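K.L.:
My structure is in model.cif, and what it holds is mmCIF, N, CA and C atoms:
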```
data_input
loop_
_atom_site.label_atom_id
_atom_site.label_comp_id
_atom_site.auth_asym_id
_atom_site.auth_seq_id
_atom_site.Cartn_x
_atom_site.Cartn_y
_atom_site.Cartn_z
N MET T 8 21.77 -7.48 46.56
CA MET T 8 20.98 -8.28 45.64
C MET T 8 21.87 -9.38 45.06
N HIS T 9 21.33 -10.54 44.94
CA HIS T 9 22.06 -11.69 44.41
C HIS T 9 22.43 -11.45 42.95
N ASP T 10 23.61 -11.89 42.53
CA ASP T 10 24.11 -11.65 41.17
C ASP T 10 23.18 -12.22 40.10
N VAL T 11 22.60 -13.40 40.36
CA VAL T 11 21.70 -14.01 39.38
C VAL T 11 20.44 -13.16 39.23
N ASP T 12 19.90 -12.66 40.37
CA ASP T 12 18.72 -11.80 40.30
C ASP T 12 19.02 -10.51 39.54
N LEU T 13 20.18 -9.95 39.77
CA LEU T 13 20.56 -8.72 39.07
C LEU T 13 20.72 -8.98 37.58
N ALA T 14 21.34 -10.08 37.21
CA ALA T 14 21.50 -10.42 35.80
C ALA T 14 20.14 -10.64 35.15
N ARG T 15 19.24 -11.36 35.82
CA ARG T 15 17.90 -11.61 35.29
C ARG T 15 17.14 -10.29 35.10
N ARG T 16 17.26 -9.39 36.07
CA ARG T 16 16.59 -8.09 35.97
C ARG T 16 17.11 -7.31 34.77
N ARG T 17 18.43 -7.32 34.56
CA ARG T 17 19.01 -6.60 33.42
C ARG T 17 18.55 -7.18 32.09
N ILE T 18 18.51 -8.50 31.99
CA ILE T 18 18.07 -9.15 30.75
C ILE T 18 16.62 -8.80 30.46
N LEU T 19 15.74 -8.97 31.45
CA LEU T 19 14.33 -8.68 31.22
C LEU T 19 14.09 -7.21 30.92
N THR T 20 14.79 -6.32 31.61
CA THR T 20 14.64 -4.90 31.35
C THR T 20 15.09 -4.56 29.93
N SER T 21 16.20 -5.15 29.49
CA SER T 21 16.69 -4.91 28.12
C SER T 21 15.70 -5.42 27.08
N LEU T 22 15.17 -6.62 27.30
CA LEU T 22 14.22 -7.18 26.35
C LEU T 22 12.92 -6.38 26.31
N LEU T 23 12.45 -5.96 27.49
CA LEU T 23 11.23 -5.15 27.53
C LEU T 23 11.46 -3.83 26.80
N ALA T 24 12.58 -3.19 27.04
CA ALA T 24 12.88 -1.94 26.35
C ALA T 24 12.95 -2.15 24.85
N ALA T 25 13.59 -3.23 24.43
CA ALA T 25 13.68 -3.53 22.99
C ALA T 25 12.30 -3.75 22.40
N ALA T 26 11.45 -4.47 23.12
CA ALA T 26 10.11 -4.75 22.60
C ALA T 26 9.25 -3.50 22.55
N LEU T 27 9.41 -2.62 23.52
CA LEU T 27 8.57 -1.42 23.58
C LEU T 27 9.07 -0.29 22.70
N LEU T 28 10.38 -0.25 22.45
CA LEU T 28 10.94 0.91 21.77
C LEU T 28 11.46 0.67 20.37
N SER T 29 11.67 -0.56 19.99
CA SER T 29 12.28 -0.79 18.68
C SER T 29 11.30 -0.51 17.56
N PRO T 30 11.78 0.01 16.44
CA PRO T 30 10.91 0.24 15.30
C PRO T 30 10.25 -1.04 14.82
N ALA T 31 10.93 -2.17 14.96
CA ALA T 31 10.35 -3.43 14.50
C ALA T 31 9.08 -3.75 15.28
N THR T 32 9.05 -3.41 16.58
CA THR T 32 7.88 -3.68 17.38
C THR T 32 6.84 -2.57 17.21
N SER T 33 7.29 -1.34 17.11
CA SER T 33 6.34 -0.24 16.97
C SER T 33 5.52 -0.38 15.69
N PHE T 34 6.11 -0.91 14.65
CA PHE T 34 5.42 -1.12 13.40
C PHE T 34 5.52 -2.60 13.04
N ALA T 35 5.02 -3.42 13.95
CA ALA T 35 5.19 -4.86 13.84
C ALA T 35 4.55 -5.42 12.58
N ALA T 36 5.25 -6.37 12.00
CA ALA T 36 4.73 -7.06 10.83
C ALA T 36 3.68 -8.08 11.25
N GLU T 37 3.75 -8.55 12.48
CA GLU T 37 2.83 -9.56 12.97
C GLU T 37 2.04 -8.98 14.15
N PRO T 38 0.74 -9.25 14.22
CA PRO T 38 -0.08 -8.66 15.28
C PRO T 38 0.22 -9.19 16.68
N TYR T 39 0.94 -10.30 16.80
CA TYR T 39 1.26 -10.85 18.11
C TYR T 39 2.58 -10.30 18.67
N GLU T 40 3.31 -9.52 17.91
CA GLU T 40 4.56 -8.95 18.41
C GLU T 40 4.27 -7.86 19.43
N GLY T 41 5.10 -7.81 20.47
CA GLY T 41 4.96 -6.79 21.49
C GLY T 41 5.02 -7.37 22.88
N ALA T 42 4.59 -6.59 23.85
CA ALA T 42 4.60 -6.99 25.26
C ALA T 42 3.17 -7.31 25.67
N TRP T 43 3.00 -8.46 26.36
CA TRP T 43 1.70 -8.97 26.76
C TRP T 43 1.76 -9.43 28.21
N ALA T 44 0.63 -9.35 28.92
CA ALA T 44 0.56 -9.85 30.30
C ALA T 44 -0.88 -10.24 30.60
N LYS T 45 -1.06 -11.01 31.65
CA LYS T 45 -2.42 -11.43 32.02
C LYS T 45 -3.22 -10.28 32.61
N THR T 46 -2.52 -9.34 33.28
CA THR T 46 -3.18 -8.14 33.80
C THR T 46 -2.34 -6.93 33.42
N LEU T 47 -2.96 -5.77 33.33
CA LEU T 47 -2.21 -4.56 32.98
C LEU T 47 -1.19 -4.21 34.06
N LYS T 48 -1.47 -4.52 35.33
CA LYS T 48 -0.53 -4.26 36.42
C LYS T 48 0.79 -4.98 36.17
N GLU T 49 0.73 -6.19 35.65
CA GLU T 49 1.94 -6.97 35.41
C GLU T 49 2.78 -6.42 34.26
N CYS T 50 2.23 -5.55 33.45
CA CYS T 50 3.00 -4.95 32.36
C CYS T 50 4.17 -4.12 32.87
N ASN T 51 4.04 -3.56 34.06
CA ASN T 51 5.05 -2.64 34.60
C ASN T 51 6.00 -3.30 35.58
N ASP T 52 5.99 -4.62 35.70
CA ASP T 52 6.82 -5.29 36.69
C ASP T 52 7.69 -6.36 36.03
N PRO T 53 8.85 -5.96 35.44
CA PRO T 53 9.69 -6.94 34.75
C PRO T 53 10.54 -7.80 35.69
N ASP T 54 10.40 -7.61 37.03
CA ASP T 54 11.28 -8.30 37.97
C ASP T 54 10.70 -9.56 38.59
N GLY T 55 9.40 -9.67 38.68
CA GLY T 55 8.83 -10.77 39.43
C GLY T 55 8.41 -11.95 38.58
N ALA T 56 8.00 -13.01 39.24
CA ALA T 56 7.52 -14.22 38.56
C ALA T 56 6.08 -13.96 38.12
N ILE T 57 5.95 -13.30 37.00
CA ILE T 57 4.65 -12.87 36.51
C ILE T 57 4.43 -13.36 35.10
N SER T 58 3.36 -12.89 34.51
CA SER T 58 3.00 -13.35 33.17
C SER T 58 3.56 -12.52 32.04
N LEU T 59 4.34 -11.48 32.33
CA LEU T 59 4.86 -10.62 31.26
C LEU T 59 5.53 -11.47 30.19
N THR T 60 5.07 -11.32 28.97
CA THR T 60 5.58 -12.08 27.83
C THR T 60 5.93 -11.11 26.72
N ILE T 61 7.13 -11.22 26.20
CA ILE T 61 7.57 -10.34 25.12
C ILE T 61 7.78 -11.21 23.89
N ILE T 62 7.13 -10.84 22.80
CA ILE T 62 7.25 -11.58 21.55
C ILE T 62 7.78 -10.63 20.49
N GLY T 63 8.86 -11.01 19.86
CA GLY T 63 9.43 -10.17 18.83
C GLY T 63 10.19 -10.99 17.81
N LEU T 64 10.17 -10.52 16.59
CA LEU T 64 10.88 -11.20 15.51
C LEU T 64 12.25 -10.58 15.24
N ASP T 65 12.58 -9.52 15.98
CA ASP T 65 13.80 -8.77 15.70
C ASP T 65 14.38 -8.20 17.00
N ILE T 66 14.59 -9.05 18.01
CA ILE T 66 15.08 -8.60 19.31
C ILE T 66 16.60 -8.73 19.35
N PRO T 67 17.30 -7.65 19.75
CA PRO T 67 18.77 -7.74 19.80
C PRO T 67 19.24 -8.61 20.97
N VAL T 68 20.03 -9.64 20.65
CA VAL T 68 20.59 -10.54 21.66
C VAL T 68 22.04 -10.80 21.28
N ASP T 69 22.94 -10.37 22.13
CA ASP T 69 24.37 -10.60 21.91
C ASP T 69 24.83 -10.17 20.51
N GLY T 70 24.40 -9.00 20.08
CA GLY T 70 24.85 -8.46 18.81
C GLY T 70 24.14 -9.00 17.58
N ARG T 71 23.16 -9.86 17.77
CA ARG T 71 22.37 -10.44 16.66
C ARG T 71 20.90 -10.13 16.87
N ARG T 72 20.15 -10.17 15.81
CA ARG T 72 18.70 -10.02 15.88
C ARG T 72 18.11 -11.43 15.95
N ARG T 73 17.26 -11.68 16.94
CA ARG T 73 16.68 -13.00 17.14
C ARG T 73 15.17 -12.90 17.27
N SER T 74 14.47 -13.94 16.86
CA SER T 74 13.03 -14.05 17.07
C SER T 74 12.83 -14.79 18.39
N MET T 75 12.07 -14.16 19.30
CA MET T 75 11.94 -14.70 20.65
C MET T 75 10.53 -14.64 21.20
N ILE T 76 10.27 -15.55 22.12
CA ILE T 76 9.15 -15.46 23.05
C ILE T 76 9.81 -15.51 24.42
N GLU T 77 9.77 -14.41 25.13
CA GLU T 77 10.49 -14.25 26.38
C GLU T 77 9.49 -14.15 27.54
N GLN T 78 9.65 -15.02 28.51
CA GLN T 78 8.85 -14.99 29.72
C GLN T 78 9.79 -15.13 30.91
N TYR T 79 9.28 -14.92 32.09
CA TYR T 79 10.09 -15.04 33.30
C TYR T 79 10.75 -16.41 33.35
N GLU T 80 12.07 -16.43 33.39
CA GLU T 80 12.87 -17.65 33.43
C GLU T 80 12.46 -18.67 32.36
N HIS T 81 12.08 -18.14 31.21
CA HIS T 81 11.69 -18.99 30.08
C HIS T 81 12.04 -18.24 28.81
N HIS T 82 13.24 -18.48 28.32
CA HIS T 82 13.79 -17.75 27.18
C HIS T 82 13.69 -18.64 25.95
N CYS T 83 12.80 -18.30 25.03
CA CYS T 83 12.54 -19.17 23.88
C CYS T 83 12.93 -18.48 22.58
N PHE T 84 13.74 -19.17 21.79
CA PHE T 84 14.19 -18.67 20.50
C PHE T 84 13.45 -19.43 19.42
N MET T 85 12.76 -18.70 18.57
CA MET T 85 11.92 -19.32 17.54
C MET T 85 12.76 -20.07 16.51
N ASP T 86 12.35 -21.30 16.26
CA ASP T 86 12.99 -22.12 15.23
C ASP T 86 12.20 -22.05 13.93
N GLY T 87 10.90 -21.88 14.02
CA GLY T 87 10.05 -21.83 12.84
C GLY T 87 8.63 -21.45 13.20
N LYS T 88 7.86 -21.09 12.19
CA LYS T 88 6.45 -20.76 12.42
C LYS T 88 5.65 -21.13 11.19
N THR T 89 4.40 -21.49 11.43
CA THR T 89 3.47 -21.78 10.35
C THR T 89 2.13 -21.16 10.71
N ILE T 90 1.38 -20.82 9.69
CA ILE T 90 0.04 -20.26 9.88
C ILE T 90 -0.96 -21.39 9.64
N VAL T 91 -1.85 -21.58 10.60
CA VAL T 91 -2.90 -22.58 10.50
C VAL T 91 -4.21 -21.85 10.78
N GLY T 92 -4.99 -21.59 9.72
CA GLY T 92 -6.20 -20.78 9.89
C GLY T 92 -5.80 -19.40 10.34
N GLY T 93 -6.36 -18.94 11.45
CA GLY T 93 -6.02 -17.63 11.99
C GLY T 93 -4.97 -17.70 13.08
N ASP T 94 -4.39 -18.87 13.30
CA ASP T 94 -3.42 -19.07 14.37
C ASP T 94 -2.00 -19.15 13.80
N THR T 95 -1.04 -18.76 14.61
CA THR T 95 0.36 -18.93 14.27
C THR T 95 0.93 -19.98 15.20
N MET T 96 1.46 -21.02 14.62
CA MET T 96 2.09 -22.10 15.39
C MET T 96 3.60 -21.87 15.35
N VAL T 97 4.22 -21.75 16.51
CA VAL T 97 5.64 -21.46 16.62
C VAL T 97 6.34 -22.64 17.28
N THR T 98 7.44 -23.07 16.69
CA THR T 98 8.32 -24.03 17.35
C THR T 98 9.53 -23.24 17.84
N ALA T 99 10.02 -23.64 19.02
CA ALA T 99 11.10 -22.87 19.63
C ALA T 99 11.99 -23.78 20.46
N THR T 100 13.20 -23.30 20.71
CA THR T 100 14.11 -23.91 21.66
C THR T 100 14.14 -22.99 22.87
N CYS T 101 13.81 -23.55 24.05
CA CYS T 101 13.67 -22.75 25.26
C CYS T 101 14.70 -23.14 26.31
N TYR T 102 15.08 -22.14 27.09
CA TYR T 102 16.05 -22.31 28.16
C TYR T 102 15.49 -21.69 29.43
N GLU T 103 15.65 -22.40 30.55
CA GLU T 103 15.21 -21.84 31.82
C GLU T 103 16.18 -20.75 32.29
N PHE T 104 17.45 -20.97 32.05
CA PHE T 104 18.46 -20.03 32.51
C PHE T 104 19.18 -19.40 31.33
N TRP T 105 19.45 -18.11 31.44
CA TRP T 105 20.13 -17.38 30.37
C TRP T 105 21.52 -17.97 30.14
N ASP T 106 22.20 -18.38 31.21
CA ASP T 106 23.52 -18.99 31.07
C ASP T 106 23.46 -20.27 30.23
N ASP T 107 22.37 -21.03 30.36
CA ASP T 107 22.23 -22.24 29.55
C ASP T 107 22.14 -21.88 28.06
N PHE T 108 21.42 -20.81 27.75
CA PHE T 108 21.36 -20.35 26.36
C PHE T 108 22.76 -19.99 25.88
N LYS T 109 23.48 -19.23 26.69
CA LYS T 109 24.83 -18.79 26.30
C LYS T 109 25.75 -19.99 26.04
N LYS T 110 25.57 -21.07 26.82
CA LYS T 110 26.40 -22.27 26.68
C LYS T 110 25.79 -23.28 25.70
N ASN T 111 24.57 -22.99 25.24
CA ASN T 111 23.83 -23.89 24.34
C ASN T 111 23.67 -25.29 24.95
N VAL T 112 23.20 -25.30 26.21
CA VAL T 112 22.94 -26.56 26.91
C VAL T 112 21.54 -26.52 27.54
N ASN T 113 20.98 -27.70 27.75
CA ASN T 113 19.69 -27.86 28.44
C ASN T 113 18.52 -27.17 27.75
N GLY T 114 18.58 -26.99 26.46
CA GLY T 114 17.45 -26.43 25.71
C GLY T 114 16.37 -27.48 25.53
N THR T 115 15.12 -27.05 25.54
CA THR T 115 14.00 -27.96 25.30
C THR T 115 13.21 -27.44 24.10
N LYS T 116 12.68 -28.35 23.30
CA LYS T 116 11.84 -27.98 22.16
C LYS T 116 10.42 -27.79 22.67
N GLU T 117 9.81 -26.68 22.26
CA GLU T 117 8.45 -26.37 22.67
C GLU T 117 7.66 -25.83 21.49
N ALA T 118 6.35 -25.88 21.64
CA ALA T 118 5.45 -25.34 20.62
C ALA T 118 4.52 -24.32 21.28
N PHE T 119 4.24 -23.25 20.55
CA PHE T 119 3.34 -22.21 21.01
C PHE T 119 2.26 -21.99 19.96
N LYS T 120 1.04 -21.85 20.43
CA LYS T 120 -0.06 -21.48 19.54
C LYS T 120 -0.45 -20.05 19.90
N LEU T 121 -0.24 -19.14 18.95
CA LEU T 121 -0.55 -17.72 19.14
C LEU T 121 -1.81 -17.39 18.35
N SER T 122 -2.81 -16.88 19.06
CA SER T 122 -4.08 -16.54 18.41
C SER T 122 -4.49 -15.14 18.82
N VAL T 123 -4.59 -14.25 17.84
CA VAL T 123 -5.04 -12.89 18.13
C VAL T 123 -6.56 -12.93 18.24
N ALA T 124 -7.06 -12.70 19.47
CA ALA T 124 -8.49 -12.77 19.71
C ALA T 124 -9.17 -11.45 19.33
N SER T 125 -8.50 -10.34 19.60
CA SER T 125 -8.96 -9.01 19.23
C SER T 125 -7.74 -8.12 19.18
N GLU T 126 -7.90 -6.85 18.89
CA GLU T 126 -6.74 -5.97 18.75
C GLU T 126 -5.88 -5.91 20.00
N GLY T 127 -6.47 -6.03 21.18
CA GLY T 127 -5.70 -5.94 22.43
C GLY T 127 -5.61 -7.23 23.20
N THR T 128 -6.00 -8.34 22.61
CA THR T 128 -6.00 -9.62 23.31
C THR T 128 -5.34 -10.70 22.47
N LEU T 129 -4.49 -11.49 23.12
CA LEU T 129 -3.79 -12.58 22.46
C LEU T 129 -3.94 -13.82 23.34
N THR T 130 -4.17 -14.96 22.72
CA THR T 130 -4.10 -16.20 23.49
C THR T 130 -2.81 -16.91 23.11
N ILE T 131 -2.12 -17.36 24.14
CA ILE T 131 -0.89 -18.12 23.98
C ILE T 131 -1.16 -19.49 24.60
N ASN T 132 -1.20 -20.50 23.76
CA ASN T 132 -1.54 -21.85 24.23
C ASN T 132 -2.83 -21.84 25.06
N SER T 133 -3.84 -21.16 24.54
CA SER T 133 -5.19 -21.08 25.12
C SER T 133 -5.29 -20.25 26.39
N LYS T 134 -4.25 -19.51 26.78
CA LYS T 134 -4.31 -18.60 27.93
C LYS T 134 -4.37 -17.18 27.41
N SER T 135 -5.26 -16.38 27.98
CA SER T 135 -5.52 -15.03 27.49
C SER T 135 -4.53 -14.01 28.08
N TYR T 136 -4.03 -13.12 27.20
CA TYR T 136 -3.11 -12.05 27.57
C TYR T 136 -3.62 -10.73 27.00
N LEU T 137 -3.29 -9.63 27.70
CA LEU T 137 -3.64 -8.28 27.24
C LEU T 137 -2.38 -7.59 26.75
N ARG T 138 -2.54 -6.76 25.70
CA ARG T 138 -1.39 -6.00 25.20
C ARG T 138 -1.02 -4.94 26.23
N CYS T 139 0.27 -4.81 26.53
CA CYS T 139 0.75 -3.81 27.48
C CYS T 139 0.74 -2.43 26.82
N PRO T 140 0.23 -1.42 27.53
CA PRO T 140 0.24 -0.06 26.98
C PRO T 140 1.67 0.38 26.68
N GLY T 141 1.83 1.12 25.59
CA GLY T 141 3.15 1.59 25.18
C GLY T 141 3.92 0.56 24.38
N GLY T 142 3.51 -0.70 24.44
CA GLY T 142 4.17 -1.73 23.69
C GLY T 142 3.27 -2.25 22.58
N ALA T 143 2.25 -1.47 22.27
CA ALA T 143 1.29 -1.90 21.25
C ALA T 143 1.96 -2.00 19.90
N ALA T 144 1.81 -3.13 19.30
CA ALA T 144 2.35 -3.32 17.95
C ALA T 144 1.33 -2.79 16.96
N ARG T 145 1.72 -1.78 16.20
CA ARG T 145 0.80 -1.20 15.23
C ARG T 145 0.93 -1.91 13.89
N LYS T 146 -0.16 -1.89 13.19
CA LYS T 146 -0.13 -2.47 11.84
C LYS T 146 0.72 -1.60 10.93
N LYS T 147 1.35 -2.21 9.96
CA LYS T 147 2.12 -1.43 8.99
C LYS T 147 1.19 -0.49 8.25
N PRO T 148 1.66 0.74 7.96
CA PRO T 148 0.81 1.70 7.26
C PRO T 148 0.50 1.23 5.86
#
```
Rewrite the structure of this file - the entire thing - as structure tokens.

P.N.:
Amino acid sequence: MHDVDLARRRILTSLLAAALLSPATSFAAEPYEGAWAKTLKECNDPDGAISLTIIGLDIPVDGRRRSMIEQYEHHCFMDGKTIVGGDTMVTATCYEFWDDFKKNVNGTKEAFKLSVASEGTLTINSKSYLRCPGGAARKKP
């Protein structure tokens, strides 16, 4: 297996595990936190070019807790968020390659509109996603 593919697999697996298992995600403060995909089948495949999206406000990255929107070859670190009606508008700095993030080069500014359509459905920039089983973000008690 190519070294870049192996590194990408390790990063995505670590992020997915963090999103599914961390107390911050299990008892998420925000309803959009957790693991999301366009189909439930894609929830279990962290290796391919799929729709798996992990959103978390407390994801461990290089010894720090970071707010992220993580997609296949699209690593976005949240710069800020605002609430507009029932939507959350997120600004982020995104990197195609993990090495670019590590070197702090080639980042692009992006905006995300997160809208919780129902308990198990989220729209991200008007595209519909389903919550992945086991990664459901529960409301605080």

K.L.:
If you run DSSP on this backbone, which residues of region 44-75 of chain T come out as strand (DSSP E or B), and could you give them as a PyMOL selection string?

P.N.:
chain T and resi 44+60-68+71-75

K.L.:
Using only C-alpha atoms, pick whichever of T:Phe104, T:Glu49, T:Ile131, T:Ala42 has the shortest atom-to-atom distance to Glu80 (chain T).

P.N.:
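Among T:Phe104, T:Glu49, T:Ile131, T:Ala42, it is T:Phe104 that comes nearest to Glu80 (chain T).
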
K.L.:
With the PyMOL selection byres ((chain T and resi 86) around 8) as the selection, what would be picked from this file? Answer as a PyMOL selection string, please.

P.N.:
chain T and resi 74-75+83-85+87-88+97-100

K.L.:
Identify, on the basis of only C-alpha atoms, every residue whose closest approach to Cys101 (chain T) does not exceed 7 Å; exclude the query and any residue fewer than 5 positions from it along the same chain; express the result as a VMD selection string.

P.N.:
chain T and resid 81 to 84 114 to 117

K.L.:
Can you measure CA of Gly41 (chain T) to atom C of Phe119 (chain T) for me? One decimal in Å is fine.

P.N.:
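Separating CA of Gly41 (chain T) from atom C of Phe119 (chain T) is a distance of 15.5 Å.
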
K.L.:
What does the distance between atom C of Lys109 (chain T) and CA of Thr60 (chain T) come to in Å, to one decimal place?

P.N.:
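Separating atom C of Lys109 (chain T) from CA of Thr60 (chain T) is a distance of 21.7 Å.
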
K.L.:
Can you pull out every residue from region 25-108 of chain T that DSSP, working from the backbone, puts in alpha helix (DSSP H), and format the result as a ChimeraX atom specification?

P.N.:
/T:25-28,30-33,105-108

K.L.:
From the options T:Asn51, T:Ser58, T:Asn113, T:Ser133, which residue's atoms come nearest to Glu77 (chain T), counting only N, CA and C atoms?

P.N.:
T:Ser58

K.L.:
Translate the PyMOL selection byres ((chain T and resi 132) around 8) into a concrete residue list for this structure, as an NGL selection string.

P.N.:
:T and (118-122 or 129-131 or 133-135)

K.L.:
In Å, rounded to a single decimal, give me how far atom N of Ala124 (chain T) is from atom C of Val91 (chain T).

P.N.:
12.9 Å
